[in-house]
$ cat run_38.cif   # mmCIF, C-alpha atoms
data_entry
#
loop_
_atom_site.label_atom_id
_atom_site.label_comp_id
_atom_site.auth_asym_id
_atom_site.auth_seq_id
_atom_site.Cartn_x
_atom_site.Cartn_y
_atom_site.Cartn_z
CA MET A 208 21.98 22.49 -12.24
CA ILE A 209 21.27 26.19 -12.77
CA GLY A 210 20.95 27.92 -9.41
CA ASN A 211 19.98 31.43 -10.49
CA TRP A 212 17.86 31.30 -13.64
CA LEU A 213 17.41 35.07 -13.87
CA ALA A 214 21.16 35.72 -13.82
CA TYR A 215 21.65 32.91 -16.34
CA ILE A 216 19.11 34.50 -18.70
CA TYR A 217 20.67 37.97 -18.36
CA ASN A 218 24.10 36.62 -19.23
CA LEU A 219 22.77 35.11 -22.47
CA LEU A 220 20.84 38.22 -23.60
CA PRO A 221 22.49 40.81 -25.86
CA LEU A 222 23.29 44.03 -24.04
CA ALA A 223 20.76 45.98 -26.12
CA VAL A 224 17.81 43.99 -24.76
CA ARG A 225 19.14 43.16 -21.32
CA GLN A 226 16.22 44.72 -19.46
CA PRO A 227 14.52 43.53 -16.26
CA ARG A 228 11.13 43.06 -17.93
CA VAL A 229 12.62 41.06 -20.79
CA GLY A 230 14.47 38.82 -18.36
CA LEU A 231 11.37 38.26 -16.24
CA LEU A 232 9.26 37.50 -19.31
CA ILE A 233 11.73 34.89 -20.53
CA SER A 234 11.97 33.44 -17.01
CA VAL A 235 8.17 32.98 -16.91
CA LEU A 236 8.16 31.36 -20.37
CA LEU A 237 10.86 28.94 -19.20
CA SER A 238 8.96 27.93 -16.04
CA PRO A 239 7.88 24.50 -17.42
CA ALA A 240 11.44 23.77 -18.49
CA LYS A 241 12.79 24.82 -15.10
CA THR A 242 10.31 22.53 -13.34
CA SER A 243 11.22 19.60 -15.60
CA ILE A 244 14.96 20.16 -15.12
CA ASN A 245 14.58 20.33 -11.33
CA GLU A 246 12.51 17.12 -11.33
CA LEU A 247 15.08 15.42 -13.56
CA THR A 248 17.91 16.53 -11.27
CA THR A 249 16.09 15.14 -8.23
CA TYR A 250 15.37 11.85 -10.05
CA ILE A 251 19.01 11.50 -11.16
CA ALA A 252 20.25 12.07 -7.60
CA ASP A 253 17.81 9.48 -6.26
CA ALA A 254 18.68 6.99 -9.03
CA ARG A 255 22.40 7.39 -8.34
CA LEU A 256 21.80 6.74 -4.65
CA ARG A 257 19.77 3.60 -5.33
CA SER A 258 22.22 2.27 -7.89
CA ALA A 259 25.10 2.79 -5.46
CA ALA A 260 23.24 1.21 -2.55
CA THR A 261 24.49 -2.08 -1.20
CA TRP A 262 23.45 -4.48 1.55
CA GLN A 263 25.70 -2.66 4.06
CA VAL A 264 23.97 -1.33 7.15
CA MET A 265 24.90 2.31 6.50
CA TRP A 266 23.27 2.16 3.05
CA LEU A 267 20.14 0.45 4.33
CA GLU A 268 19.80 3.08 7.07
CA LYS A 269 20.17 5.93 4.57
CA LEU A 270 17.73 4.39 2.06
CA LEU A 271 15.08 3.85 4.71
CA SER A 272 15.60 7.25 6.32
CA ASP A 273 15.36 9.05 2.97
CA ALA A 274 12.32 7.06 1.81
CA LEU A 275 10.37 7.36 5.08
CA GLY A 276 11.38 10.91 5.93
CA TYR A 277 12.64 10.23 9.46
CA PRO A 278 15.75 8.59 10.97
CA ILE A 279 15.99 4.80 11.04
CA THR A 280 18.53 2.79 13.04
CA ILE A 281 19.74 -0.71 12.19
CA ILE A 282 21.50 -2.86 14.80
CA GLU A 283 23.32 -5.99 13.68
CA SER A 284 22.46 -9.10 15.69
CA THR A 285 24.07 -12.53 16.11
CA GLY A 286 22.16 -14.19 13.29
CA LEU A 287 20.52 -16.60 15.75
CA PRO A 288 17.82 -16.31 14.63
CA ILE A 289 17.84 -12.65 13.48
CA ASP A 290 20.63 -10.98 11.49
CA PHE A 291 19.65 -7.37 12.17
CA ILE A 292 17.02 -5.25 13.91
CA VAL A 293 15.47 -2.20 12.25
CA SER A 294 14.29 0.40 14.76
CA GLY A 295 12.20 3.55 14.45
CA VAL A 296 9.76 2.56 11.67
CA SER A 297 6.17 3.76 11.97
CA TYR A 298 3.82 0.81 11.57
CA THR A 299 1.90 2.75 8.90
CA ASP A 300 5.11 2.55 6.79
CA GLU A 301 5.74 -1.15 7.38
CA THR A 302 5.01 -2.21 3.79
CA LEU A 303 7.36 0.37 2.25
CA ALA A 304 10.13 -0.45 4.75
CA ARG A 305 9.88 -4.19 4.11
CA GLY A 306 9.85 -3.64 0.34
CA LEU A 307 13.12 -1.69 0.47
CA LEU A 308 14.76 -4.11 2.90
CA ASP A 309 13.78 -7.18 0.87
CA ARG A 310 15.15 -5.56 -2.27
CA TYR A 311 18.56 -4.50 -0.94
CA LYS A 312 19.46 -6.93 1.86
CA LEU A 313 21.58 -9.99 1.20
CA ALA A 314 19.62 -13.10 0.27
CA GLY A 315 19.04 -15.29 3.30
CA LYS A 316 19.47 -12.49 5.83
CA SER A 317 16.62 -12.10 8.33
CA TYR A 318 15.42 -9.02 10.18
CA VAL A 319 12.71 -7.74 12.48
CA LEU A 320 11.08 -4.30 12.62
CA THR A 321 10.56 -2.50 15.92
CA PHE A 322 7.92 0.18 15.53
CA ALA A 323 8.38 3.66 16.94
CA ASP A 324 4.67 4.16 17.64
CA ILE A 325 3.91 0.80 19.33
CA GLN A 326 4.93 0.18 22.92
CA ILE A 327 4.81 -3.29 24.47
CA GLU A 328 5.35 -3.88 28.17
CA GLY A 329 5.96 -7.27 29.80
CA GLN A 330 6.36 -8.68 33.26
CA TRP A 331 6.84 -12.07 34.95
CA LEU A 332 3.57 -13.44 36.33
CA ASN A 333 5.22 -16.41 38.08
CA PRO A 334 8.55 -16.75 39.91
CA VAL A 335 11.54 -17.41 37.66
CA CYS A 336 14.36 -19.66 38.76
CA ALA A 337 17.82 -18.50 37.71
CA ARG A 338 19.02 -22.11 37.53
CA THR A 339 17.04 -23.20 34.51
CA ASN A 340 18.07 -23.80 30.93
CA GLU A 341 14.75 -22.87 29.43
CA ALA A 342 12.18 -20.15 30.01
CA SER A 343 8.84 -19.89 28.22
CA LEU A 344 7.46 -16.45 27.47
CA VAL A 345 3.75 -16.00 26.80
CA GLY A 346 2.47 -12.65 25.62
CA TYR A 347 -1.06 -11.33 25.36
CA TRP A 348 -2.76 -7.97 24.92
CA VAL A 349 -4.02 -6.47 28.18
CA HIS A 350 -5.92 -3.63 26.50
CA SER A 351 -7.93 -3.65 23.29
CA VAL A 352 -5.85 -3.28 20.13
CA CYS A 353 -6.88 -1.76 16.80
CA VAL A 354 -5.19 -0.57 13.63
CA LYS A 355 -4.30 3.10 13.43
CA GLN A 356 -7.50 4.96 12.66
CA LEU A 357 -7.31 6.37 9.14
CA PHE A 358 -10.81 7.81 9.14
CA THR A 359 -13.43 9.29 11.48
CA PRO A 360 -16.81 7.57 11.26
CA ASP A 361 -19.86 9.80 11.29
CA PRO A 362 -21.39 9.51 14.78
CA ASP A 363 -24.82 10.35 13.33
CA LEU A 364 -25.04 7.26 11.11
CA ASP A 365 -28.39 5.66 11.88
CA LEU A 366 -27.17 2.08 12.33
CA ASP A 367 -29.70 -0.60 13.28
CA PRO A 368 -28.31 -3.01 15.93
CA ASP A 369 -31.17 -5.45 15.25
CA LEU A 370 -30.01 -6.09 11.67
CA ASP A 371 -27.41 -8.75 10.85
CA PRO A 372 -23.88 -7.46 10.19
CA ILE A 373 -22.96 -6.89 6.55
CA THR A 374 -19.76 -8.48 5.24
CA PHE A 375 -18.05 -6.92 2.27
CA LYS A 376 -15.44 -9.14 0.62
CA VAL A 377 -13.31 -7.43 -2.05
CA ILE A 378 -11.11 -9.82 -4.05
CA LEU A 379 -8.33 -7.98 -5.88
CA ASN A 380 -6.48 -9.40 -8.87
CA TRP A 381 -3.45 -7.99 -10.72
CA ASP A 382 -4.64 -8.23 -14.32
CA SER A 383 -1.34 -7.70 -16.17
CA SER A 384 1.47 -9.65 -17.76
CA GLN A 385 3.92 -7.60 -15.68
CA GLN A 386 4.81 -9.80 -12.69
CA GLY A 387 8.05 -8.26 -11.41
CA GLN A 388 8.85 -7.73 -7.75
CA LEU A 389 7.92 -4.03 -7.98
CA ASP A 390 4.82 -4.53 -10.17
CA GLY A 391 1.33 -4.86 -8.78
CA ILE A 392 -1.46 -3.21 -6.84
CA THR A 393 -1.09 -0.62 -4.10
CA GLY A 394 -3.33 1.85 -2.28
CA SER A 395 -6.56 1.22 -0.41
CA VAL A 396 -10.24 0.29 -0.62
CA LYS A 397 -12.83 2.35 1.24
CA ILE A 398 -16.34 1.49 2.38
CA MET A 399 -18.76 4.39 2.03
CA ARG A 400 -22.18 5.21 3.37
CA ARG A 401 -23.97 8.28 2.06
CA SER A 402 -20.64 9.78 0.88
CA THR A 403 -19.11 9.20 4.31
CA GLN A 404 -16.10 6.90 4.73
CA VAL A 405 -16.83 4.30 7.41
CA ASP A 406 -13.97 1.85 6.89
CA LEU A 407 -10.68 1.57 5.00
CA LYS A 408 -8.13 -1.19 4.42
CA MET A 409 -4.68 -0.82 2.88
CA VAL A 410 -3.47 -3.12 0.11
CA THR A 411 -0.08 -4.81 0.45
CA GLN A 412 2.28 -2.89 -1.80
CA TYR A 413 3.01 -4.60 -5.15
CA SER A 414 0.31 -7.19 -4.40
CA LYS A 415 -0.63 -9.57 -7.22
CA GLY A 416 -3.79 -10.67 -5.46
CA GLU A 417 -5.44 -9.94 -2.16
CA THR A 418 -8.76 -10.37 -0.34
CA LEU A 419 -10.01 -7.55 1.88
CA THR A 420 -12.87 -8.37 4.24
CA PHE A 421 -14.98 -5.67 5.88
CA THR A 422 -17.49 -6.52 8.62
CA LEU A 423 -19.96 -3.66 9.06
CA PRO A 424 -22.91 -3.03 11.37
CA GLY A 425 -26.32 -3.83 9.91
CA ASN A 426 -27.83 -0.93 8.04
CA ALA A 427 -31.00 -0.83 5.97
CA GLN A 428 -29.60 1.86 3.69
CA GLY A 429 -26.47 -0.17 2.94
CA TYR A 430 -22.88 0.55 1.94
CA SER A 431 -20.79 0.86 -1.21
CA ALA A 432 -17.15 0.01 -1.97
CA ASP A 433 -14.89 2.78 -3.32
CA PHE A 434 -11.83 1.86 -5.45
CA ASN A 435 -10.53 5.38 -6.14
CA GLY A 436 -7.62 4.71 -3.77
CA LEU A 437 -6.30 1.76 -5.80
CA ASP A 438 -3.27 2.26 -8.04
CA ALA A 439 -1.22 0.19 -10.49
CA VAL A 440 2.56 0.18 -10.05
CA LEU A 441 5.19 -0.86 -12.61
CA GLY A 442 8.82 -1.01 -11.60
CA GLY A 443 8.01 0.76 -8.33
CA ALA A 444 6.40 3.78 -10.04
CA GLY A 445 2.71 4.60 -10.24
CA VAL A 446 1.10 4.47 -13.69
CA VAL A 447 -2.32 5.09 -15.19
CA THR A 448 -4.70 2.61 -13.57
CA GLU A 449 -7.59 0.69 -15.09
CA ILE A 450 -10.12 -0.90 -12.73
CA PHE A 451 -12.88 -3.37 -13.65
CA TRP A 452 -15.20 -4.92 -11.08
CA SER A 453 -18.03 -7.42 -11.12
CA GLU A 454 -20.34 -9.29 -8.78
CA GLU A 455 -19.39 -12.46 -10.63
CA GLN A 456 -16.08 -14.30 -10.35
CA SER A 457 -16.16 -14.81 -14.12
CA MET A 458 -16.06 -10.99 -14.44
CA SER A 459 -19.15 -11.08 -16.64
CA ASN A 460 -20.55 -7.65 -17.38
CA PRO A 461 -17.58 -5.83 -15.75
CA GLN A 462 -18.08 -2.27 -14.53
CA THR A 463 -15.53 0.53 -14.97
CA THR A 464 -16.86 2.89 -12.32
CA LYS A 465 -14.63 3.24 -9.28
CA GLU A 466 -17.49 2.89 -6.79
CA THR A 467 -20.00 0.07 -6.56
CA GLY A 468 -23.69 0.37 -6.04
CA VAL A 469 -25.17 0.37 -2.53
CA TYR A 470 -25.70 -3.03 -0.87
CA SER A 471 -27.65 -3.72 2.32
CA VAL A 472 -26.69 -7.42 2.38
CA SER A 473 -23.33 -9.20 2.41
CA LYS A 474 -21.60 -9.03 -0.94
CA THR A 475 -18.45 -10.29 -2.69
CA ILE A 476 -16.91 -8.05 -5.35
CA TRP A 477 -14.20 -9.20 -7.79
CA VAL A 478 -11.85 -6.42 -8.92
CA ASN A 479 -9.25 -6.52 -11.70
CA VAL A 480 -6.56 -3.84 -11.50
CA SER A 481 -4.21 -3.28 -14.44
CA PRO A 482 -1.89 -0.62 -15.86
CA GLY A 483 -3.69 1.55 -18.39
CA GLY A 484 -2.64 2.06 -21.98
#
$ encode --input "run_38.cif" --output "structure tokens"
Amino acid sequence: MIGNWLAYIYNLLPLAVRQPRVGLLISVLLSPAKTSINELTTYIADARLRSAATWQVMWLEKLLSDALGYPITIIESTGLPIDFIVSGVSYTDETLARGLLDRYKLAGKSYVLTFADIQIEGQWLNPVCARTNEASLVGYWVHSVCVKQLFTPDPDLDLDPDLDPITFKVILNWDSSQQGQLDGITGSVKIMRRSTQVDLKMVTQYSKGETLTFTLPGNAQGYSADFNGLDAVLGGAGVVTEIFWSEEQSMSNPQTTKETGVYSVSKTIWVNVSPGG
């Protein structure tokens, strides 16, 4: 890797034309090449790391920490019933963490994720006898629980509480012959109202098929589904994405727009996602 491009250029120029302006001009002209070389160097370093990775705990910790951008800790357990515990993962990164773990861990090994941004507290409601061979634990949520909010609904939306709720069902299908472990759909589907995002659901990474159900308050002006957040992935890398959707399961008269029309009644939309040419 070339650390100082300007000095490198000067060293290659003949003495007669070794001028600052000439060196700067050549450096500017080489900017695309410099960017490509830096990207290639980064890719090679990452590829070497992944090819050298094994099922060992130190490698799994490094892979997860590098991929997620924050430190991850793995503690080996007894194997009854869990082989190791992965701590420090944000629950918004659960899909990526599980994808890496499933790829690199030994077959048959089990694990659990403990999330850094979820806290669970427990206490005994009834007396516990120390002389017992079995204790039953029952857990329940004391406070309301919701997914991490990925959007801010518009408080001025004129929703009508007297109207029946609207259910949007989006059925996704991986329309490709590529069926590898790292091939499939990723991203998200949004529900829009007057160009305002009112709901969002993430797609399981590398999914080959998935159904997303949105239950929305009744609204005479209706909602639309937005597919701009969907992507096709081959071999773990994003590629050009083609999206076709239809109101019919047979995909008759498929549409290529990435946002549906506006519906004020419950609707099911079939969506085919495939890698583009």
$ residues_near_point --input "run_38.cif" --point "(7.1, 3.9, -7.9)" --cutoff "12 Å" --atoms "only C-alpha atoms" --output "NGL selection string"
:A and (250 or 274 or 303 or 306-307 or 388-393 or 412-413 or 438-447)
$ atom_distance --input "run_38.cif" --atom1 "atom CA of A:Ser317" --atom2 "atom CA of A:Ser272"
19.5 Å
$ atom_distance --input "run_38.cif" --atom1 "atom CA of A:Thr299" --atom2 "atom CA of A:Leu320"
12.2 Å
$ resolve_selection --input "run_38.cif" --expression "the PyMOL selection byres ((chain A and resi 466) around 12)" --output "count of residues only"
28
$ residues_around --input "run_38.cif" --residues "A:Ile292" --least-positions-apart "4" --cutoff "10 Å" --atoms "all atoms listed in the file" --output "PyMOL selection string"
chain A and resi 280-284+317-321
$ closest_atom_pairs --input "run_38.cif" --of "stretch 394-437 of chain A" --to "stretch 380-384 of chain A" --cutoff "10 Å" --atoms "all atoms listed in the file" --output "tab-separated table"
residue	atom	partner	partner_atom	distance
A:Tyr413	CA	A:Trp381	CA	9.2
A:Ser414	CA	A:Trp381	CA	7.4
A:Lys415	CA	A:Trp381	CA	4.8
A:Gly416	CA	A:Asn380	CA	4.5
A:Glu417	CA	A:Asn380	CA	6.8
A:Thr418	CA	A:Asn380	CA	8.9
$ atom_distance --input "run_38.cif" --atom1 "atom CA of A:Ser297" --atom2 "atom CA of A:Val480"
27.8 Å
$ axis_aligned_box --input "run_38.cif" --around "stretch 390-409 of chain A" --padding-each-side "5 Å" --output "lines of an AutoDock Vina configuration file"
center_x = -9.6
center_y = 2.5
center_z = -1.4
size_x = 38.8
size_y = 24.6
size_z = 27.6
$ resolve_selection --input "run_38.cif" --expression "the PyMOL selection byres ((chain A and resi 271) around 10)" --output "PDB file with C-alpha atoms, keeping the file's coordinate frame"
ATOM      1  CA  TRP A 266      23.270   2.160   3.050  1.00  0.00           C
ATOM      2  CA  LEU A 267      20.140   0.450   4.330  1.00  0.00           C
ATOM      3  CA  GLU A 268      19.800   3.080   7.070  1.00  0.00           C
ATOM      4  CA  LYS A 269      20.170   5.930   4.570  1.00  0.00           C
ATOM      5  CA  LEU A 270      17.730   4.390   2.060  1.00  0.00           C
ATOM      6  CA  SER A 272      15.600   7.250   6.320  1.00  0.00           C
ATOM      7  CA  ASP A 273      15.360   9.050   2.970  1.00  0.00           C
ATOM      8  CA  ALA A 274      12.320   7.060   1.810  1.00  0.00           C
ATOM      9  CA  LEU A 275      10.370   7.360   5.080  1.00  0.00           C
ATOM     10  CA  GLY A 276      11.380  10.910   5.930  1.00  0.00           C
ATOM     11  CA  TYR A 277      12.640  10.230   9.460  1.00  0.00           C
ATOM     12  CA  PRO A 278      15.750   8.590  10.970  1.00  0.00           C
ATOM     13  CA  ILE A 279      15.990   4.800  11.040  1.00  0.00           C
ATOM     14  CA  THR A 280      18.530   2.790  13.040  1.00  0.00           C
ATOM     15  CA  ILE A 281      19.740  -0.710  12.190  1.00  0.00           C
ATOM     16  CA  VAL A 293      15.470  -2.200  12.250  1.00  0.00           C
ATOM     17  CA  VAL A 296       9.760   2.560  11.670  1.00  0.00           C
ATOM     18  CA  LEU A 303       7.360   0.370   2.250  1.00  0.00           C
ATOM     19  CA  ALA A 304      10.130  -0.450   4.750  1.00  0.00           C
ATOM     20  CA  ARG A 305       9.880  -4.190   4.110  1.00  0.00           C
ATOM     21  CA  LEU A 307      13.120  -1.690   0.470  1.00  0.00           C
ATOM     22  CA  LEU A 308      14.760  -4.110   2.900  1.00  0.00           C
TER      23      LEU A 308
END
$ resolve_selection --input "run_38.cif" --expression "the PyMOL selection byres ((chain A and resi 423-426) around 6)" --output "PDB file with C-alpha atoms, keeping the file's coordinate frame"
ATOM      1  CA  LEU A 366     -27.170   2.080  12.330  1.00  0.00           C
ATOM      2  CA  ASP A 367     -29.700  -0.600  13.280  1.00  0.00           C
ATOM      3  CA  LEU A 370     -30.010  -6.090  11.670  1.00  0.00           C
ATOM      4  CA  ASP A 371     -27.410  -8.750  10.850  1.00  0.00           C
ATOM      5  CA  PRO A 372     -23.880  -7.460  10.190  1.00  0.00           C
ATOM      6  CA  ILE A 373     -22.960  -6.890   6.550  1.00  0.00           C
ATOM      7  CA  THR A 422     -17.490  -6.520   8.620  1.00  0.00           C
ATOM      8  CA  ALA A 427     -31.000  -0.830   5.970  1.00  0.00           C
ATOM      9  CA  GLN A 428     -29.600   1.860   3.690  1.00  0.00           C
ATOM     10  CA  GLY A 429     -26.470  -0.170   2.940  1.00  0.00           C
TER      11      GLY A 429
END
